[in-house]
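Engineer: Take a look at run_2.cif, mmCIF, C-alpha atoms:
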data_protein
#
loop_
_atom_site.label_atom_id
_atom_site.label_comp_id
_atom_site.auth_asym_id
_atom_site.auth_seq_id
_atom_site.Cartn_x
_atom_site.Cartn_y
_atom_site.Cartn_z
CA MET A 1 55.03 7.22 29.28
CA LYS A 2 53.43 9.76 31.65
CA GLU A 3 55.87 11.53 33.98
CA ILE A 4 55.50 10.42 37.60
CA LYS A 5 54.88 13.21 40.11
CA VAL A 6 56.40 12.53 43.53
CA LEU A 7 55.91 14.25 46.87
CA LYS A 8 58.87 13.45 49.10
CA LEU A 9 58.87 13.90 52.89
CA GLY A 10 62.27 14.29 54.56
CA TRP A 11 63.49 15.30 58.00
CA GLU A 12 67.11 16.35 57.56
CA PHE A 13 68.23 18.21 54.46
CA PRO A 14 71.55 19.92 53.64
CA PRO A 15 72.90 22.50 53.98
CA LEU A 16 71.07 23.05 57.28
CA ILE A 17 71.55 19.50 58.58
CA ASN A 18 74.28 17.27 57.19
CA GLY A 19 73.71 13.99 59.03
CA GLY A 20 73.75 10.70 57.15
CA LEU A 21 69.98 10.78 56.62
CA GLY A 22 70.13 14.27 55.12
CA ILE A 23 73.01 13.38 52.80
CA ALA A 24 71.17 10.29 51.56
CA CYS A 25 67.91 12.20 51.09
CA LEU A 26 69.70 14.87 49.05
CA GLY A 27 71.60 12.31 46.98
CA ILE A 28 68.52 10.32 46.00
CA SER A 29 66.49 13.51 45.43
CA LYS A 30 69.01 14.91 42.94
CA ALA A 31 69.06 11.62 41.06
CA LEU A 32 65.26 11.18 41.12
CA ALA A 33 64.74 14.70 39.79
CA LYS A 34 66.27 13.52 36.49
CA GLN A 35 63.48 10.96 36.08
CA VAL A 36 60.38 12.29 37.86
CA SER A 37 58.69 15.54 38.81
CA LEU A 38 59.76 15.99 42.42
CA ASP A 39 58.59 18.19 45.29
CA VAL A 40 60.25 17.87 48.72
CA ILE A 41 58.77 18.92 52.08
CA VAL A 42 60.99 19.04 55.19
CA PRO A 43 60.70 20.64 58.65
CA LYS A 44 63.65 22.99 58.06
CA ALA A 45 65.01 24.22 54.75
CA ASP A 46 67.50 26.94 53.88
CA HIS A 47 65.37 29.40 51.92
CA THR A 48 68.46 30.53 49.98
CA ALA A 49 69.32 27.00 48.79
CA HIS A 50 68.22 25.99 45.30
CA PHE A 51 68.51 22.56 43.74
CA ASP A 52 68.29 21.70 40.06
CA GLY A 53 65.18 19.78 39.10
CA PHE A 54 63.12 19.84 42.29
CA GLY A 55 61.46 22.19 44.72
CA LEU A 56 62.27 22.22 48.43
CA HIS A 57 59.69 23.48 50.92
CA GLY A 58 60.52 23.91 54.62
CA LEU A 59 57.89 24.31 57.33
CA ASN A 60 60.17 26.94 58.84
CA ASN A 61 59.44 29.06 55.75
CA THR A 62 55.68 28.29 55.63
CA ARG A 63 53.09 30.98 56.25
CA LEU A 64 49.91 30.17 58.12
CA GLU A 65 47.89 31.46 55.16
CA GLU A 66 49.31 28.65 52.97
CA ILE A 67 47.54 25.91 54.93
CA GLN A 68 44.31 27.68 55.89
CA PRO A 69 42.43 26.81 52.64
CA VAL A 70 42.22 23.11 53.61
CA GLU A 71 41.76 23.39 57.38
CA GLY A 72 38.08 22.44 57.21
CA ARG A 73 38.77 19.39 55.04
CA PHE A 74 41.61 17.81 57.05
CA LYS A 75 41.12 15.24 59.81
CA PHE A 76 43.97 13.81 61.86
CA ASP A 77 43.87 10.21 63.07
CA SER A 78 46.96 9.45 65.12
CA PHE A 79 48.25 5.88 65.16
CA ALA A 80 48.44 6.27 68.93
CA GLN A 81 47.04 8.57 71.56
CA VAL A 82 50.25 9.94 73.05
CA GLU A 83 49.57 10.98 76.62
CA ARG A 84 53.12 12.15 77.22
CA ILE A 85 55.57 12.82 74.41
CA PRO A 86 58.84 10.89 74.94
CA LEU A 87 61.79 13.14 75.74
CA HIS A 88 65.06 13.22 73.81
CA LEU A 89 63.92 10.87 71.05
CA ASP A 90 66.85 10.65 68.67
CA PRO A 91 67.18 8.58 65.48
CA TYR A 92 70.92 8.24 66.02
CA PHE A 93 70.88 6.81 69.53
CA SER A 94 69.24 3.77 71.04
CA GLU A 95 67.61 5.22 74.13
CA GLU A 96 64.27 6.95 74.50
CA ASN A 97 65.15 8.93 77.60
CA ALA A 98 61.69 9.59 78.96
CA GLU A 99 60.41 9.45 82.51
CA VAL A 100 57.05 8.26 81.24
CA THR A 101 56.06 7.20 77.74
CA GLN A 102 52.48 6.18 77.14
CA ALA A 103 51.23 5.53 73.62
CA VAL A 104 47.88 3.77 73.60
CA GLN A 105 46.87 2.22 70.28
CA ARG A 106 43.61 3.61 68.94
CA GLY A 107 41.06 1.80 66.87
CA GLY A 108 39.09 3.25 63.94
CA GLY A 109 37.47 6.60 63.46
CA TRP A 110 38.77 10.05 62.72
CA ALA A 111 39.77 12.45 65.47
CA ARG A 112 39.39 16.15 64.82
CA PHE A 113 42.14 18.52 65.90
CA THR A 114 42.11 22.29 65.98
CA ALA A 115 43.55 24.26 63.10
CA THR A 116 47.31 24.80 62.94
CA THR A 117 48.45 27.83 64.90
CA ARG A 118 51.36 30.20 64.42
CA LYS A 119 52.91 28.73 67.56
CA GLN A 120 52.90 25.25 66.02
CA LEU A 121 54.53 26.55 62.85
CA GLU A 122 57.15 28.33 64.92
CA MET A 123 58.24 24.95 66.34
CA PHE A 124 60.15 24.53 63.08
CA LYS A 125 61.61 28.03 62.92
CA PHE A 126 63.72 27.92 66.06
CA GLY A 127 65.88 25.38 67.88
CA GLU A 128 66.99 21.93 66.80
CA LEU A 129 64.98 19.21 65.09
CA TYR A 130 66.04 16.69 67.72
CA GLY A 131 65.84 17.06 71.47
CA GLU A 132 63.16 17.39 74.09
CA ASP A 133 60.24 18.17 71.78
CA VAL A 134 61.05 16.01 68.75
CA GLY A 135 58.02 13.77 69.43
CA ALA A 136 55.70 16.77 69.28
CA LYS A 137 57.45 17.97 66.11
CA VAL A 138 56.92 14.59 64.44
CA ILE A 139 53.18 14.84 65.11
CA GLU A 140 52.86 18.49 64.03
CA PHE A 141 54.93 17.81 60.91
CA ALA A 142 52.45 15.06 60.01
CA LYS A 143 49.46 17.39 60.30
CA ILE A 144 50.99 20.33 58.43
CA ALA A 145 52.58 18.20 55.69
CA ALA A 146 49.20 16.59 55.01
CA LYS A 147 47.57 20.01 54.64
CA LEU A 148 50.27 21.14 52.22
CA ALA A 149 49.94 17.87 50.29
CA MET A 150 46.19 18.38 49.84
CA GLN A 151 47.01 21.44 47.73
CA ARG A 152 49.54 19.65 45.51
CA ASP A 153 49.28 17.41 42.46
CA PHE A 154 51.26 14.18 42.78
CA ASP A 155 51.03 10.44 42.11
CA VAL A 156 52.93 8.95 45.05
CA VAL A 157 54.28 10.08 48.44
CA HIS A 158 57.75 8.97 49.57
CA ALA A 159 58.66 9.25 53.29
CA HIS A 160 62.19 8.92 54.70
CA ASP A 161 62.71 7.21 58.09
CA TRP A 162 60.49 7.09 61.18
CA MET A 163 60.30 10.85 61.75
CA THR A 164 58.28 11.24 58.53
CA TYR A 165 56.30 7.97 58.54
CA LEU A 166 53.34 9.46 60.41
CA ALA A 167 53.30 12.34 57.92
CA GLY A 168 53.37 9.85 55.05
CA VAL A 169 50.39 7.96 56.46
CA GLU A 170 48.43 11.19 56.98
CA VAL A 171 49.16 12.31 53.41
CA LYS A 172 47.97 8.93 52.13
CA LYS A 173 44.75 9.17 54.16
CA ALA A 174 44.12 12.77 53.15
CA THR A 175 44.77 12.31 49.41
CA GLY A 176 44.34 8.60 48.66
CA LYS A 177 47.77 8.48 47.01
CA PRO A 178 50.02 5.42 47.50
CA LEU A 179 52.75 5.60 50.14
CA VAL A 180 56.37 4.44 49.82
CA VAL A 181 58.49 4.51 52.99
CA HIS A 182 62.29 4.45 52.92
CA LEU A 183 64.09 2.81 55.85
CA HIS A 184 67.63 4.13 56.35
CA ALA A 185 68.07 2.92 59.93
CA SER A 186 65.74 1.17 62.36
CA GLN A 187 65.26 1.00 66.09
CA TYR A 188 66.39 -2.62 65.77
CA ASP A 189 69.80 -1.37 64.60
CA ARG A 190 70.05 1.14 67.42
CA ALA A 191 68.72 -0.93 70.32
CA GLY A 192 68.94 -4.58 69.27
CA ALA A 193 66.43 -7.40 68.90
CA ASP A 194 64.53 -6.36 72.05
CA ALA A 195 63.86 -2.87 70.68
CA ARG A 196 60.41 -1.60 71.56
CA GLY A 197 58.84 1.77 72.38
CA TRP A 198 57.36 4.75 70.58
CA ILE A 199 59.88 4.82 67.71
CA PHE A 200 59.59 1.07 67.11
CA ASP A 201 55.78 1.29 67.11
CA LEU A 202 55.86 4.21 64.68
CA GLU A 203 58.29 2.39 62.35
CA LYS A 204 56.11 -0.73 62.35
CA PHE A 205 52.91 1.29 61.84
CA GLY A 206 54.38 3.25 58.95
CA MET A 207 55.66 0.14 57.18
CA GLU A 208 52.34 -1.66 57.69
CA GLN A 209 50.39 1.27 56.23
CA ALA A 210 52.79 1.75 53.30
CA ASP A 211 52.18 0.30 49.85
CA ALA A 212 55.93 -0.38 49.52
CA VAL A 213 58.96 -0.36 51.82
CA ILE A 214 62.46 0.49 50.55
CA PRO A 215 65.18 -0.67 52.96
CA VAL A 216 68.73 0.42 52.09
CA SER A 217 70.02 -3.16 51.87
CA ASN A 218 68.98 -6.80 51.74
CA TYR A 219 70.32 -7.06 55.29
CA THR A 220 67.88 -4.39 56.46
CA GLY A 221 65.11 -5.89 54.33
CA LYS A 222 65.45 -9.14 56.28
CA ILE A 223 65.05 -7.20 59.54
CA VAL A 224 61.92 -5.51 58.13
CA VAL A 225 60.35 -8.89 57.39
CA ASP A 226 61.60 -10.97 60.33
CA HIS A 227 61.59 -8.42 63.16
CA TYR A 228 58.80 -6.04 62.13
CA GLY A 229 56.58 -8.66 60.49
CA ILE A 230 56.15 -6.77 57.21
CA ASP A 231 54.86 -8.61 54.14
CA PRO A 232 57.96 -9.49 52.04
CA ALA A 233 55.93 -8.94 48.84
CA LYS A 234 56.06 -5.17 49.40
CA VAL A 235 59.73 -4.92 50.47
CA PHE A 236 62.12 -3.72 47.75
CA PRO A 237 65.74 -3.16 48.91
CA VAL A 238 67.70 -0.40 47.15
CA HIS A 239 71.34 0.25 48.00
CA ASN A 240 72.53 3.78 48.67
CA GLY A 241 74.87 5.52 46.29
CA ALA A 242 77.71 7.91 46.94
CA ASP A 243 78.36 11.36 45.54
CA PRO A 244 81.52 11.45 43.42
CA VAL A 245 84.57 12.95 45.13
CA ASP A 246 87.91 14.11 43.82
CA HIS A 247 90.00 11.73 45.90
CA PHE A 248 93.57 12.62 46.72
CA ARG A 249 96.44 11.48 48.89
CA SER A 250 97.98 13.53 51.68
CA GLU A 251 101.28 12.99 53.40
CA LYS A 252 100.96 11.81 56.99
CA LYS A 253 102.84 13.53 59.79
CA PHE A 254 104.06 10.12 60.93
CA PRO A 255 105.53 7.14 59.01
CA GLU A 256 103.30 4.38 60.43
CA PRO A 257 100.27 3.00 58.51
CA LEU A 258 96.92 4.40 59.68
CA VAL A 259 93.81 2.30 60.39
CA LEU A 260 90.60 4.35 60.61
CA PHE A 261 87.22 4.01 62.36
CA LEU A 262 84.77 6.68 61.18
CA GLY A 263 81.28 7.04 62.66
CA ARG A 264 79.17 7.77 65.69
CA LEU A 265 80.57 6.40 68.92
CA THR A 266 77.47 4.42 69.85
CA ALA A 267 76.90 0.75 70.62
CA GLN A 268 75.45 0.18 67.13
CA LYS A 269 78.77 1.09 65.48
CA GLY A 270 80.90 -1.28 67.58
CA PRO A 271 83.64 1.17 68.67
CA GLU A 272 84.59 -1.08 71.62
CA PHE A 273 85.39 -3.83 69.12
CA PHE A 274 87.68 -1.44 67.26
CA LEU A 275 89.65 -0.89 70.48
CA GLU A 276 90.05 -4.64 70.93
CA ILE A 277 91.06 -5.08 67.29
CA ALA A 278 93.70 -2.36 67.70
CA ASP A 279 95.03 -4.09 70.80
CA LYS A 280 95.44 -7.37 68.92
CA VAL A 281 97.02 -5.81 65.82
CA LEU A 282 99.53 -3.84 67.90
CA ALA A 283 100.53 -7.00 69.72
CA GLU A 284 101.78 -8.32 66.35
CA LEU A 285 102.67 -5.10 64.54
CA PRO A 286 103.62 -2.34 67.02
CA ASP A 287 104.25 0.28 64.34
CA VAL A 288 100.62 0.98 63.39
CA ARG A 289 98.40 3.92 64.32
CA PHE A 290 94.65 3.73 64.92
CA VAL A 291 92.32 6.72 64.62
CA MET A 292 88.74 6.89 65.87
CA ALA A 293 86.89 9.80 64.24
CA GLY A 294 83.49 10.84 65.53
CA THR A 295 81.62 11.51 68.72
CA GLY A 296 78.74 9.97 70.65
CA ASP A 297 77.57 8.65 73.99
CA LYS A 298 80.45 6.14 74.22
CA PHE A 299 83.18 8.77 73.86
CA LYS A 300 84.20 9.05 77.52
CA ASP A 301 84.06 5.30 78.13
CA LEU A 302 86.25 4.65 75.10
CA ILE A 303 88.89 7.13 76.22
CA GLU A 304 89.01 5.41 79.61
CA ALA A 305 89.19 1.98 77.94
CA LYS A 306 92.09 3.16 75.77
CA ALA A 307 94.01 4.24 78.87
CA PHE A 308 93.20 0.94 80.61
CA ARG A 309 94.55 -1.03 77.65
CA GLY A 310 97.71 1.07 77.55
CA LEU A 311 97.39 1.90 73.86
CA GLY A 312 99.07 5.25 74.50
CA GLY A 313 100.28 7.18 71.48
CA ARG A 314 99.17 4.53 69.00
CA PHE A 315 95.44 5.28 69.36
CA HIS A 316 93.95 8.71 68.63
CA PHE A 317 90.50 10.32 68.99
CA THR A 318 89.59 13.22 66.70
CA GLY A 319 86.08 14.07 67.93
CA PHE A 320 83.61 15.44 65.37
CA LEU A 321 85.00 16.28 61.92
CA ASN A 322 83.31 18.20 59.12
CA LYS A 323 83.25 16.82 55.58
CA ALA A 324 86.45 18.54 54.49
CA LYS A 325 88.34 17.21 57.52
CA VAL A 326 86.92 13.71 56.96
CA ASN A 327 88.19 13.74 53.38
CA GLU A 328 91.59 14.96 54.55
CA LEU A 329 91.74 12.09 57.04
CA LEU A 330 90.65 9.57 54.40
CA SER A 331 93.43 10.82 52.15
CA MET A 332 95.96 9.63 54.77
CA THR A 333 94.26 6.35 55.66
CA ASP A 334 95.75 2.96 54.77
CA ILE A 335 92.93 0.67 56.01
CA TYR A 336 89.30 1.36 56.89
CA CYS A 337 87.69 -0.73 59.65
CA MET A 338 83.93 -0.89 60.31
CA PRO A 339 83.00 -3.42 63.04
CA SER A 340 79.33 -2.35 63.25
CA VAL A 341 76.96 -4.51 65.29
CA SER A 342 74.05 -3.69 62.96
CA GLU A 343 74.58 -1.34 60.03
CA PRO A 344 71.63 -0.77 57.65
CA PHE A 345 74.04 0.38 54.97
CA GLY A 346 77.37 1.96 56.02
CA LEU A 347 77.95 4.90 53.69
CA SER A 348 81.29 5.74 55.32
CA ALA A 349 82.78 2.46 54.03
CA LEU A 350 81.72 3.39 50.50
CA GLU A 351 83.26 6.85 50.96
CA ALA A 352 86.50 5.20 52.08
CA ALA A 353 86.46 3.02 48.97
CA GLN A 354 86.26 6.21 46.88
CA PHE A 355 89.71 7.02 48.25
CA SER A 356 90.97 3.56 47.18
CA ILE A 357 91.24 2.39 50.78
CA PRO A 358 91.02 -1.37 51.44
CA ALA A 359 88.36 -2.19 54.03
CA VAL A 360 87.70 -4.69 56.80
CA ILE A 361 83.99 -4.57 57.57
CA SER A 362 81.24 -6.30 59.50
CA LYS A 363 79.09 -8.89 57.74
CA GLN A 364 76.18 -7.34 59.63
CA SER A 365 76.02 -4.40 57.23
CA GLY A 366 74.34 -3.45 54.00
CA VAL A 367 77.50 -2.09 52.40
CA ALA A 368 79.00 -5.61 52.62
CA GLU A 369 76.60 -6.44 49.76
CA VAL A 370 78.09 -3.63 47.65
CA LEU A 371 81.82 -3.79 48.48
CA GLN A 372 82.70 -7.14 46.99
CA GLY A 373 86.40 -6.46 47.49
CA ALA A 374 86.23 -5.73 51.23
CA LEU A 375 87.37 -8.34 53.73
CA LYS A 376 84.43 -9.29 55.96
CA ALA A 377 83.88 -10.86 59.37
CA ASP A 378 81.13 -11.10 61.98
CA TYR A 379 81.26 -7.98 64.15
CA TRP A 380 82.11 -10.01 67.23
CA ASP A 381 84.99 -11.88 65.55
CA ILE A 382 87.72 -9.44 66.54
CA ASP A 383 90.41 -12.08 66.09
CA LEU A 384 89.56 -12.46 62.40
CA MET A 385 89.29 -8.71 61.82
CA ALA A 386 92.69 -8.18 63.45
CA LYS A 387 94.20 -10.93 61.28
CA GLN A 388 92.68 -9.38 58.15
CA ILE A 389 94.21 -5.99 58.97
CA VAL A 390 97.60 -7.60 59.58
CA ARG A 391 97.34 -9.45 56.24
CA ILE A 392 96.65 -6.24 54.32
CA LEU A 393 99.60 -4.53 56.01
CA LYS A 394 101.95 -7.44 55.33
CA GLU A 395 100.83 -8.44 51.82
CA PRO A 396 101.13 -5.68 49.18
CA GLU A 397 99.62 -7.95 46.52
CA LEU A 398 96.46 -8.45 48.59
CA ARG A 399 96.20 -4.72 49.19
CA GLU A 400 96.48 -3.99 45.45
CA GLU A 401 93.82 -6.58 44.66
CA LEU A 402 91.40 -5.13 47.22
CA VAL A 403 91.94 -1.58 45.95
CA LYS A 404 91.26 -2.58 42.33
CA GLN A 405 88.02 -4.27 43.32
CA ALA A 406 87.01 -1.30 45.52
CA ASP A 407 87.40 1.01 42.52
CA LYS A 408 85.03 -1.21 40.52
CA ASP A 409 82.53 -1.39 43.38
CA VAL A 410 82.44 2.39 43.73
CA GLU A 411 81.93 2.88 40.02
CA ALA A 412 78.69 0.86 40.19
CA ALA A 413 77.38 2.41 43.43
CA THR A 414 75.74 5.63 42.25
CA TRP A 415 72.63 7.55 43.24
CA ASP A 416 71.51 7.41 39.61
CA ALA A 417 71.51 3.60 39.77
CA ALA A 418 69.54 3.76 43.03
CA ALA A 419 67.02 6.19 41.54
CA VAL A 420 66.21 3.82 38.67
CA LYS A 421 65.21 1.15 41.18
CA VAL A 422 63.19 3.60 43.27
CA VAL A 423 61.23 4.72 40.21
CA ASP A 424 60.45 1.06 39.48
CA VAL A 425 58.91 0.86 42.97
CA TYR A 426 56.84 3.97 42.24
CA ARG A 427 55.46 2.33 39.11
CA LYS A 428 54.52 -0.80 41.04
CA VAL A 429 52.47 1.04 43.67
CA ILE A 430 50.84 3.44 41.19
CA LYS A 431 49.57 0.51 39.09
CA SER A 432 48.35 -1.56 42.07
#
What's the structure tokens form of this structure?

Structural biologist:
Amino acid sequence: MKEIKVLKLGWEFPPLINGGLGIACLGISKALAKQVSLDVIVPKADHTAHFDGFGLHGLNNTRLEEIQPVEGRFKFDSFAQVERIPLHLDPYFSEENAEVTQAVQRGGGWARFTATTRKQLEMFKFGELYGEDVGAKVIEFAKIAAKLAMQRDFDVVHAHDWMTYLAGVEVKKATGKPLVVHLHASQYDRAGADARGWIFDLEKFGMEQADAVIPVSNYTGKIVVDHYGIDPAKVFPVHNGADPVDHFRSEKKFPEPLVLFLGRLTAQKGPEFFLEIADKVLAELPDVRFVMAGTGDKFKDLIEAKAFRGLGGRFHFTGFLNKAKVNELLSMTDIYCMPSVSEPFGLSALEAAQFSIPAVISKQSGVAEVLQGALKADYWDIDLMAKQIVRILKEPELREELVKQADKDVEAATWDAAAVKVVDVYRKVIKS
């Protein structure tokens, strides 16, 4: 069988950016490289980093001369005429903090743009990928990625999350190759059922133009169909995997059992529910400690809420932790709690399971489909979640049963398994 050649478009990529999207993109790329010929284009890449099996090209390392050969043959047709780029667009937070956002849908026809300039390329050399000019970067990435793609040989283009969807569409238009878009998190997850705006429009546009959509769970796949109106015939959910870790146990500096929340402190993750759960557990079992690891726009409010509830020395905030510190914390954890309001997948719960930690997680998550051994409840059912935590703490037999099942669940949740399913999607769109 002929080897499939894949052009992948990412936004974050380690070691420069180690957010959840970057970690997932790296994990699936390493696994895919064992089965296909893979070339990855991202806005920023560490020019000293080398990965087995695939090439990584960053726009920050691109010379103007590399894209000039196709300037006369490329036409850019934006999905919307953006009259003012939204400020502070961020894939990790729900708000589009812009004074004015106008994106007027355009109908038919190509619109010519001037050739890429050194100034446009330099947008990716300095500063952060997110922030005030991320909207402009999304658009420029689309134009430049399409020009690079026109000089490459590939069978299918694979775009990760909304920041690369416009680029994926432009590559498809410029080359005629089929487009697969991967949805790791949606504006629906970040802002709820009423989510609208530039990011929502771009997500919907990208999924409509794609030949196949890969959501990271069946839960997210249902959102794609029901909320975004995408044809279910082209939606193929594929669960994330987890990189193997050498799990270990560390001795705590205190004797009490530790219950952990790990993630961004945003409305999507349900940190307020974790506070309420802690309050209820402590009312029954006073000798328990709760740790909230992470940072986000809810940080200050949560600290004030903790003081109001009088949780005192039983509830701790760590702020941001790097990977090594996260693993150290996991090595001390007795129960993992994830009360997310809407969680496309929930990789942190899978990482906790790698440390043989029993979990209490929201039903509104993709990882609930993978962790058969976790105890589950609706995110708003804090009474049930509190009771489940108390049960694990009081019943050693239940804890042992959950840990055994978690070990089995982790064994099956690999990036290699995910890559096999992704390649099947490639074959479907190449044949159609």

Engineer: What separation in Å, quoted to one decimal, exists between atom CA of Glu369 of chain A and atom CA of Leu21 of chain A?

Structural biologist: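 Separation of atom CA of Glu369 of chain A and atom CA of Leu21 of chain A: 19.7 Å.
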
Engineer: Run the PyMOL selection byres ((chain A and resi 170-175) around 8) on the file and write out the hits as a list of chain:residue names.

Structural biologist: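 Taken on the displayed file, the PyMOL selection byres ((chain A and resi 170-175) around 8) yields the residues A:Phe74, A:Lys75, A:Phe76, A:Asp77, A:Ala142, A:Lys143, A:Ala145, A:Ala146, A:Lys147, A:Ala149, A:Met150, A:Val157, A:Leu166, A:Ala167, A:Gly168, A:Val169, A:Gly176, A:Lys177, A:Pro178, A:Leu179.
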
Engineer: How many Å separate atom CA of Glu132 of chain A from atom CA of Gln209 of chain A?

Structural biologist: 27.2 Å

Engineer: Between A:Gln372, A:Thr295, A:Ser186, A:Asn322, single out the one closest to Glu343 of chain A, counting only C-alpha atoms.

Structural biologist: A:Ser186

Engineer: So what does the PyMOL selection byres ((chain A and resi 253) around 12) actually pick up in this one, as a compact mmCIF listing (two decimals) with C-alpha atoms, in the coordinates of the input?

Structural biologist:
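Output saved as out-v2.txt:
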# COMPACT_ATOMS: atom_id res chain seq x y z
CA SER A 250 97.98 13.53 51.68
CA GLU A 251 101.28 12.99 53.40
CA LYS A 252 100.96 11.81 56.99
CA PHE A 254 104.06 10.12 60.93
CA PRO A 255 105.53 7.14 59.01
CA GLU A 256 103.30 4.38 60.43
CA PRO A 257 100.27 3.00 58.51
CA LEU A 258 96.92 4.40 59.68
CA ARG A 289 98.40 3.92 64.32
CA LEU A 329 91.74 12.09 57.04
CA MET A 332 95.96 9.63 54.77
CA THR A 333 94.26 6.35 55.66

Engineer: For Phe126 of chain A, please output as a VMD selection string all residues within 10 Å (counting all atoms listed in the file; exclusion window: fewer than 5 positions along the same chain).

Structural biologist: chain A and resid 44 60 121
